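Shown next: data_36.txt, given as compact mmCIF, C-alpha atoms.
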```txt
# COMPACT_ATOMS: atom_id res chain seq x y z
CA MET W 152 55.13 -14.35 33.49
CA THR W 153 53.53 -13.98 36.92
CA ALA W 154 55.67 -12.62 39.75
CA ALA W 155 55.62 -14.82 42.85
CA THR W 156 54.77 -13.35 46.23
CA ASP W 157 55.97 -16.27 48.37
CA TYR W 158 59.58 -17.32 47.87
CA THR W 159 62.72 -17.87 49.90
CA LEU W 160 65.95 -15.89 49.90
CA ALA W 161 67.72 -18.87 48.30
CA GLU W 162 65.22 -18.87 45.45
CA LEU W 163 65.64 -15.12 44.99
CA CYS W 164 69.42 -15.60 44.79
CA ILE W 165 69.09 -18.46 42.28
CA VAL W 166 66.98 -16.32 39.97
CA ALA W 167 69.28 -13.29 40.38
CA ALA W 168 72.35 -15.46 39.74
CA SER W 169 70.80 -16.98 36.63
CA GLN W 170 70.92 -13.52 35.05
CA ALA W 171 74.71 -13.81 34.94
CA PHE W 172 74.30 -16.44 32.19
CA ALA W 173 71.28 -14.95 30.39
CA ASN W 174 73.15 -13.24 27.56
CA ASP W 175 76.10 -15.63 27.20
CA GLY W 176 74.86 -17.56 24.19
CA GLU W 177 76.52 -20.91 23.52
CA VAL W 178 79.12 -21.17 26.28
CA LEU W 179 79.85 -23.85 28.86
CA ALA W 180 78.25 -22.93 32.20
CA THR W 181 79.89 -24.28 35.34
CA GLY W 182 78.05 -23.66 38.61
CA ILE W 183 80.14 -24.78 41.58
CA GLY W 184 77.86 -25.29 44.57
CA VAL W 185 74.11 -25.77 44.87
CA ILE W 186 72.90 -22.22 44.18
CA PRO W 187 75.35 -21.54 41.30
CA ARG W 188 74.49 -24.93 39.77
CA LEU W 189 70.74 -24.25 40.01
CA ALA W 190 71.26 -20.72 38.64
CA ALA W 191 73.04 -22.03 35.54
CA SER W 192 70.45 -24.78 35.10
CA LEU W 193 67.60 -22.27 35.39
CA ALA W 194 69.22 -20.08 32.75
CA MET W 195 69.62 -23.08 30.44
CA LYS W 196 65.91 -23.89 30.87
CA THR W 197 64.61 -20.34 30.47
CA SER W 198 66.66 -17.28 29.50
CA ASN W 199 69.49 -18.91 27.50
CA THR W 200 68.57 -22.22 25.91
CA ASP W 201 71.89 -22.21 23.98
CA LEU W 202 73.82 -22.58 27.24
CA MET W 203 75.95 -25.73 27.49
CA MET W 204 76.29 -27.88 30.59
CA THR W 205 78.00 -31.15 31.47
CA ASP W 206 76.91 -33.92 33.81
CA SER W 207 79.94 -32.94 35.98
CA GLU W 208 81.96 -35.65 34.27
CA ALA W 209 82.38 -35.76 30.49
CA TRP W 210 78.92 -35.81 28.93
CA MET W 211 77.22 -32.71 27.54
CA LEU W 212 73.53 -32.43 28.39
CA SER W 213 70.61 -31.10 26.40
CA GLU W 214 68.66 -30.84 29.68
CA PRO W 215 70.30 -30.02 33.05
CA ASN W 216 70.30 -32.90 35.53
CA PRO W 217 68.36 -32.39 38.78
CA ILE W 218 70.65 -32.24 41.80
CA GLY W 219 70.70 -34.87 44.55
CA ASN W 220 69.67 -38.51 44.39
CA ARG W 221 67.66 -39.43 41.32
CA PRO W 222 65.21 -42.28 40.71
CA ALA W 223 66.70 -45.59 39.60
CA ASP W 224 65.04 -45.21 36.20
CA PHE W 225 66.31 -41.65 35.62
CA VAL W 226 67.81 -41.21 32.15
CA PRO W 227 70.05 -38.15 31.66
CA ALA W 228 69.64 -36.21 28.42
CA LEU W 229 73.11 -36.98 27.03
CA GLU W 230 73.92 -35.06 23.89
CA SER W 231 77.66 -35.26 23.19
CA TRP W 232 80.99 -35.94 24.84
CA MET W 233 83.47 -33.37 26.15
CA GLY W 234 86.54 -35.04 27.62
CA PHE W 235 89.28 -33.36 29.62
CA SER W 236 91.30 -32.10 26.64
CA ARG W 237 88.20 -30.59 25.04
CA ILE W 238 87.33 -28.90 28.33
CA PHE W 239 90.71 -27.16 28.28
CA ASP W 240 90.24 -26.10 24.65
CA ASN W 241 86.90 -24.64 25.71
CA VAL W 242 88.40 -22.82 28.73
CA TRP W 243 91.32 -21.25 26.87
CA SER W 244 89.04 -20.05 24.08
CA GLY W 245 86.94 -18.09 26.56
CA LYS W 246 83.78 -20.11 25.82
CA ARG W 247 83.05 -20.84 29.47
CA HIS W 248 81.43 -18.97 32.36
CA ALA W 249 81.95 -20.27 35.89
CA MET W 250 80.23 -19.24 39.11
CA LEU W 251 81.65 -20.21 42.49
CA GLY W 252 81.82 -19.06 46.10
CA PRO W 253 85.18 -17.67 47.24
CA THR W 254 86.03 -17.26 50.92
CA GLN W 255 87.39 -13.75 50.32
CA ILE W 256 86.85 -11.12 47.61
CA ASP W 257 88.94 -7.97 47.81
CA ARG W 258 88.38 -4.54 46.29
CA PHE W 259 90.09 -5.61 43.06
CA GLY W 260 87.77 -8.57 42.58
CA GLN W 261 90.63 -10.91 43.39
CA SER W 262 89.35 -13.92 45.27
CA ASN W 263 90.68 -16.49 47.71
CA THR W 264 89.80 -20.18 47.66
CA SER W 265 93.09 -21.35 49.13
CA ALA W 266 94.19 -20.30 52.61
CA LEU W 267 93.41 -17.92 55.48
CA GLY W 268 95.68 -16.20 57.99
CA GLY W 269 99.25 -16.95 58.98
CA THR W 270 101.89 -16.93 56.25
CA TYR W 271 102.01 -18.32 52.75
CA GLU W 272 104.22 -21.17 53.98
CA LYS W 273 102.15 -21.80 57.12
CA PRO W 274 98.55 -20.53 56.89
CA LYS W 275 96.12 -20.86 59.77
CA THR W 276 93.44 -22.50 57.63
CA MET W 277 93.75 -24.45 54.40
CA MET W 278 90.86 -24.67 51.94
CA LEU W 279 90.27 -26.18 48.52
CA GLY W 280 93.24 -24.47 46.88
CA ALA W 281 93.60 -22.27 43.80
CA ARG W 282 93.50 -25.30 41.48
CA GLY W 283 92.70 -24.06 37.95
CA PHE W 284 91.32 -20.72 39.08
CA PRO W 285 94.30 -18.52 38.04
CA GLY W 286 94.10 -19.71 34.43
CA ASN W 287 90.31 -19.78 34.41
CA SER W 288 90.01 -16.23 35.70
CA ILE W 289 92.18 -14.76 32.95
CA SER W 290 90.69 -16.96 30.20
CA HIS W 291 86.92 -16.64 30.61
CA PRO W 292 84.16 -14.82 32.53
CA ASN W 293 83.54 -15.65 36.18
CA SER W 294 80.81 -14.74 38.66
CA PHE W 295 80.59 -15.23 42.44
CA PHE W 296 77.95 -16.29 44.94
CA VAL W 297 78.37 -15.36 48.62
CA PRO W 298 75.78 -16.79 51.06
CA GLU W 299 76.74 -14.46 53.91
CA HIS W 300 77.71 -10.93 52.95
CA ASN W 301 80.10 -9.57 55.59
CA SER W 302 83.42 -7.76 55.92
CA ARG W 303 85.30 -11.02 56.47
CA VAL W 304 84.45 -12.06 52.91
CA PHE W 305 84.58 -8.56 51.42
CA MET W 306 87.63 -7.77 53.48
CA ASP W 307 89.83 -4.70 53.87
CA GLY W 308 93.15 -4.97 52.07
CA GLU W 309 94.20 -7.70 49.67
CA CYS W 310 93.10 -11.34 49.93
CA ASP W 311 95.21 -13.48 52.27
CA PHE W 312 95.97 -15.66 49.25
CA VAL W 313 95.18 -14.45 45.73
CA SER W 314 93.63 -17.40 43.89
CA SER W 315 92.22 -15.54 40.89
CA ILE W 316 93.02 -12.50 38.81
CA GLY W 317 91.14 -9.25 39.40
CA TYR W 318 91.35 -5.59 38.46
CA ASN W 319 94.72 -5.11 40.14
CA PRO W 320 97.37 -3.64 37.80
CA ALA W 321 100.15 -4.85 40.10
CA ARG W 322 99.19 -8.50 39.59
CA LEU W 323 98.29 -8.56 35.91
CA PRO W 324 100.04 -11.39 34.04
CA LYS W 325 102.57 -10.29 31.45
CA GLY W 326 100.91 -9.35 28.18
CA HIS W 327 97.46 -8.84 29.70
CA LYS W 328 95.46 -5.70 30.44
CA LEU W 329 92.61 -4.91 32.82
CA ASP W 330 90.07 -5.19 30.02
CA ASP W 331 90.97 -8.89 29.74
CA VAL W 332 89.48 -9.49 33.20
CA ASP W 333 85.76 -10.32 33.12
CA ILE W 334 84.04 -10.57 36.50
CA ARG W 335 80.33 -10.51 35.70
CA LEU W 336 78.09 -10.58 38.78
CA VAL W 337 78.48 -11.00 42.53
CA ILE W 338 75.30 -12.31 44.15
CA THR W 339 74.99 -12.30 47.94
CA ASN W 340 72.28 -12.70 50.56
CA LEU W 341 71.96 -8.90 50.58
CA CYS W 342 72.28 -7.73 46.99
CA VAL W 343 73.66 -8.08 43.49
CA MET W 344 76.91 -6.29 42.62
CA ASP W 345 79.43 -6.06 39.80
CA PHE W 346 82.73 -4.29 39.17
CA GLY W 347 81.25 -1.67 36.85
CA GLY W 348 81.96 1.35 39.05
CA PRO W 349 84.65 3.99 38.35
CA ASN W 350 88.04 2.32 37.73
CA HIS W 351 86.43 -1.11 38.15
CA GLN W 352 85.17 -0.30 41.65
CA ILE W 353 82.62 -2.74 43.03
CA ARG W 354 79.15 -1.39 42.29
CA LEU W 355 75.71 -2.03 43.72
CA VAL W 356 73.40 -3.37 40.98
CA SER W 357 70.27 -4.23 42.97
CA LEU W 358 69.14 -4.59 46.58
CA HIS W 359 67.19 -7.60 47.77
CA PRO W 360 63.78 -6.68 49.22
CA GLY W 361 64.10 -5.13 52.68
CA VAL W 362 67.85 -4.44 52.43
CA THR W 363 69.35 -0.94 52.34
CA ALA W 364 72.45 0.36 50.61
CA GLU W 365 73.78 1.32 54.04
CA GLN W 366 73.60 -2.31 55.15
CA VAL W 367 75.57 -3.39 52.11
CA GLN W 368 78.29 -0.79 52.76
CA GLN W 369 78.45 -1.63 56.48
CA ASN W 370 79.13 -5.25 55.59
CA THR W 371 81.76 -4.50 52.94
CA GLY W 372 85.33 -3.72 53.98
CA TYR W 373 85.94 -1.25 51.15
CA PRO W 374 83.90 1.48 49.42
CA VAL W 375 80.96 0.34 47.29
CA HIS W 376 79.90 2.52 44.36
CA ILE W 377 76.21 3.22 44.98
CA PRO W 378 74.33 4.75 42.01
CA ALA W 379 71.67 7.39 42.61
CA GLU W 380 68.95 4.89 41.72
CA VAL W 381 69.31 1.25 42.82
CA PRO W 382 66.48 -1.11 41.86
CA VAL W 383 65.11 -3.92 44.00
CA THR W 384 66.19 -7.37 42.87
CA ALA W 385 63.42 -8.81 40.69
CA ALA W 386 61.19 -11.38 42.36
CA PRO W 387 61.11 -14.91 40.92
CA THR W 388 58.20 -15.71 38.68
CA VAL W 389 55.83 -18.57 39.41
CA GLU W 390 57.22 -20.30 36.32
CA GLN W 391 60.84 -19.94 37.51
CA LEU W 392 59.97 -21.36 40.93
CA ALA W 393 58.41 -24.39 39.26
CA VAL W 394 61.61 -24.98 37.26
CA ILE W 395 63.76 -24.60 40.39
CA ALA W 396 61.59 -27.09 42.31
CA ALA W 397 61.98 -29.64 39.50
CA LEU W 398 65.76 -29.12 39.37
CA ASP W 399 66.08 -29.44 43.16
CA PRO W 400 63.48 -32.04 44.21
CA HIS W 401 65.15 -32.58 47.62
CA ASN W 402 65.18 -28.84 48.43
CA GLN W 403 68.94 -28.66 48.95
CA ARG W 404 68.66 -24.93 48.21
CA ALA W 405 67.08 -24.40 51.64
CA GLN W 406 70.37 -25.37 53.33
CA GLN W 407 72.61 -22.92 51.47
CA ILE W 408 71.80 -19.66 53.31
CA LYS W 409 71.60 -19.45 57.09
CA ASP W 410 67.97 -19.99 58.19
CA ASN W 411 66.91 -19.34 54.56
CA PRO W 412 64.52 -16.48 55.41
CA PRO W 413 61.70 -15.33 53.13
CA GLY W 414 62.87 -13.48 50.03
CA ILE W 415 60.83 -10.46 51.09
CA ARG W 416 62.32 -9.40 54.44
CA ALA W 417 60.74 -6.90 56.78
```
Is it possible to express this structure as structure tokens?
Amino acid sequence: MTAATDYTLAELCIVAASQAFANDGEVLATGIGVIPRLAASLAMKTSNTDLMMTDSEAWMLSEPNPIGNRPADFVPALESWMGFSRIFDNVWSGKRHAMLGPTQIDRFGQSNTSALGGTYEKPKTMMLGARGFPGNSISHPNSFFVPEHNSRVFMDGECDFVSSIGYNPARLPKGHKLDDVDIRLVITNLCVMDFGGPNHQIRLVSLHPGVTAEQVQQNTGYPVHIPAEVPVTAAPTVEQLAVIAALDPHNQRAQQIKDNPPGIRA
């Protein structure tokens, strides 16, 4: 594999995010949003060919669909059918890994996709809602993608509205323990993190080229565990970039991070 020298930050994030699925084996990958969807698709095409994916409705695919408008003669690679009831069986069994972009992530790894500010009864801003996230987060692994790493997302205190379970003993469902929570990777425009620090503290896994650990901490509202040695996030390979371009022929990835700067920043 040949490392690329010319790539965008979005492409770097897609490749970094695809590593969340690399060792999953045969599980259902759900990428919510352009970069998570491309990350899961890239993993299915390269690092984990056993990965399962739907067409976002009820058909299982043997090849991930490209995103955006497709030619009139496009034929999806339909393999089998997974209706709503089978999706739930899959979720409860833990054979799924979802990646999405919460509006807030607190120090426990709890996330907010529901509401901001105000009170529970009368928030200032309403969003998508928790939907199935509480059950999903206790039943199977989840990862996060954050296009703009700042202290409003990684905020001080607890999320305004807790939409998903995290490493917070006070909010564990009855009969569950912290080891039941499985938050894999957090990919942002600055770095890759996980919750593998002491007592499930958020931990710096790699820094994107040109970013410092100090910048990550300055933009995080709670302490980040920073190991003595932090690698630079691996550059995409030429082969990975070719797969990404085929999966995203309309270059929707370029619109997902503000100004989409080069992956190698000064």
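When only C-alpha atoms are used to compute distances to Ile395 of chain W, the closest of the residues W:Val185, W:Ile408, W:Leu193, W:Ala171 turns out to be W:Leu193.
Distance check against Ser288 of chain W using only C-alpha atoms: of W:Thr363, W:Ser192, W:Ser314, W:Thr153, the minimum falls on W:Ser314.
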Query raised in the report: Using all atoms listed in the file, which of W:Asp307, W:Gly245, W:His300, W:Leu358 sits nearest Asp333 of chain W?
Result: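 Closest to Asp333 of chain W of all the choices is W:Gly245.
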Requested in this report: Give as a PyMOL selection string each residue that has an atom at most 10 Å from (69.1, -20.1, 25.7) in the file, counting only C-alpha atoms.
Outcome: chain W and resi 172-177+194-203
Deliver the residues from the most recent selection as a file, using C-alpha atoms, as a CSV table (one decimal), keeping the file's coordinate frame.
```
chain,number,residue,atom,x,y,z
W,172,PHE,CA,74.3,-16.4,32.2
W,173,ALA,CA,71.3,-15.0,30.4
W,174,ASN,CA,73.2,-13.2,27.6
W,175,ASP,CA,76.1,-15.6,27.2
W,176,GLY,CA,74.9,-17.6,24.2
W,177,GLU,CA,76.5,-20.9,23.5
W,194,ALA,CA,69.2,-20.1,32.8
W,195,MET,CA,69.6,-23.1,30.4
W,196,LYS,CA,65.9,-23.9,30.9
W,197,THR,CA,64.6,-20.3,30.5
W,198,SER,CA,66.7,-17.3,29.5
W,199,ASN,CA,69.5,-18.9,27.5
W,200,THR,CA,68.6,-22.2,25.9
W,201,ASP,CA,71.9,-22.2,24.0
W,202,LEU,CA,73.8,-22.6,27.2
W,203,MET,CA,76.0,-25.7,27.5
```
Requested in this report: Would you please work out which residue, of W:Phe346, W:Phe312, W:Phe284, W:Tyr318, is nearest to Ala249 of chain W when using all atoms listed in the file?
Outcome: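 Comparing W:Phe346, W:Phe312, W:Phe284, W:Tyr318 against Ala249 of chain W, the winner is W:Phe284.
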Query - Close residues, Thr205 of chain W itself excluded, 9 Å, all atoms listed in the file, min 4 positions apart in chain, as a ChimeraX atom specification - result: /W:179-181,209-213,215-216,229,232-233
Selected residues written out with C-alpha atoms, as a PDB file, in the coordinates of the input:
```pdb
ATOM      1  CA  LEU W 179      79.850 -23.850  28.860  1.00  0.00           C
ATOM      2  CA  ALA W 180      78.250 -22.930  32.200  1.00  0.00           C
ATOM      3  CA  THR W 181      79.890 -24.280  35.340  1.00  0.00           C
ATOM      4  CA  ALA W 209      82.380 -35.760  30.490  1.00  0.00           C
ATOM      5  CA  TRP W 210      78.920 -35.810  28.930  1.00  0.00           C
ATOM      6  CA  MET W 211      77.220 -32.710  27.540  1.00  0.00           C
ATOM      7  CA  LEU W 212      73.530 -32.430  28.390  1.00  0.00           C
ATOM      8  CA  SER W 213      70.610 -31.100  26.400  1.00  0.00           C
ATOM      9  CA  PRO W 215      70.300 -30.020  33.050  1.00  0.00           C
ATOM     10  CA  ASN W 216      70.300 -32.900  35.530  1.00  0.00           C
ATOM     11  CA  LEU W 229      73.110 -36.980  27.030  1.00  0.00           C
ATOM     12  CA  TRP W 232      80.990 -35.940  24.840  1.00  0.00           C
ATOM     13  CA  MET W 233      83.470 -33.370  26.150  1.00  0.00           C
TER      14      MET W 233
END
```
Using all atoms listed in the file, determine which residues lie at most 9 Å from Gly361 of chain W, disregarding the query and same-chain residues fewer than 2 positions distant; provide the list as a short mmCIF file (atom, residue, chain, number, x, y, z; two decimals) with C-alpha atoms, keeping the file's coordinate frame.
```
data_model
loop_
_atom_site.label_atom_id
_atom_site.label_comp_id
_atom_site.auth_asym_id
_atom_site.auth_seq_id
_atom_site.Cartn_x
_atom_site.Cartn_y
_atom_site.Cartn_z
CA LEU W 341 71.96 -8.90 50.58
CA LEU W 358 69.14 -4.59 46.58
CA HIS W 359 67.19 -7.60 47.77
CA THR W 363 69.35 -0.94 52.34
CA VAL W 383 65.11 -3.92 44.00
CA GLY W 414 62.87 -13.48 50.03
CA ILE W 415 60.83 -10.46 51.09
CA ARG W 416 62.32 -9.40 54.44
CA ALA W 417 60.74 -6.90 56.78
#
```
Report task. Mind giving me the straight-line distance from atom CA of Pro360 of chain W to atom CA of Pro387 of chain W in Å, one decimal? Result -> 12.0 Å
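Closest to Val367 of chain W among W:Ile316, W:Lys328, W:Ser302, W:Asp410 is W:Ser302, based on all atoms listed in the file.
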Query - Polymer residues at most 10 Å from Ala405 of chain W, only C-alpha atoms, same-chain spacing of 2 or more positions, as a list in words - result: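 Everything that qualifies: Thr159, Leu160, Ala161, Glu162, Val185, Ile186, Asp399, His401, Asn402, Gln403, Gln407, Ile408, Lys409, Asp410, Asn411 and Pro412 of chain W.
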Query - Closest of W:Pro324, W:Pro413, W:Pro382, W:Gly234 to Cys342 of chain W - atom-to-atom distances counting only C-alpha atoms - result: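 Between W:Pro324, W:Pro413, W:Pro382, W:Gly234, the residue approaching Cys342 of chain W most closely is W:Pro382.
Going from atom CA of Gly252 of chain W over to atom CA of Ala379 of chain W, you cover 28.5 Å.
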Requested in this report: Can you work out the spacing between atom CA of Ala396 of chain W and atom CA of Arg221 of chain W in Å, to one decimal?
Outcome: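 Result for atom CA of Ala396 of chain W versus atom CA of Arg221 of chain W: 13.8 Å, one decimal.
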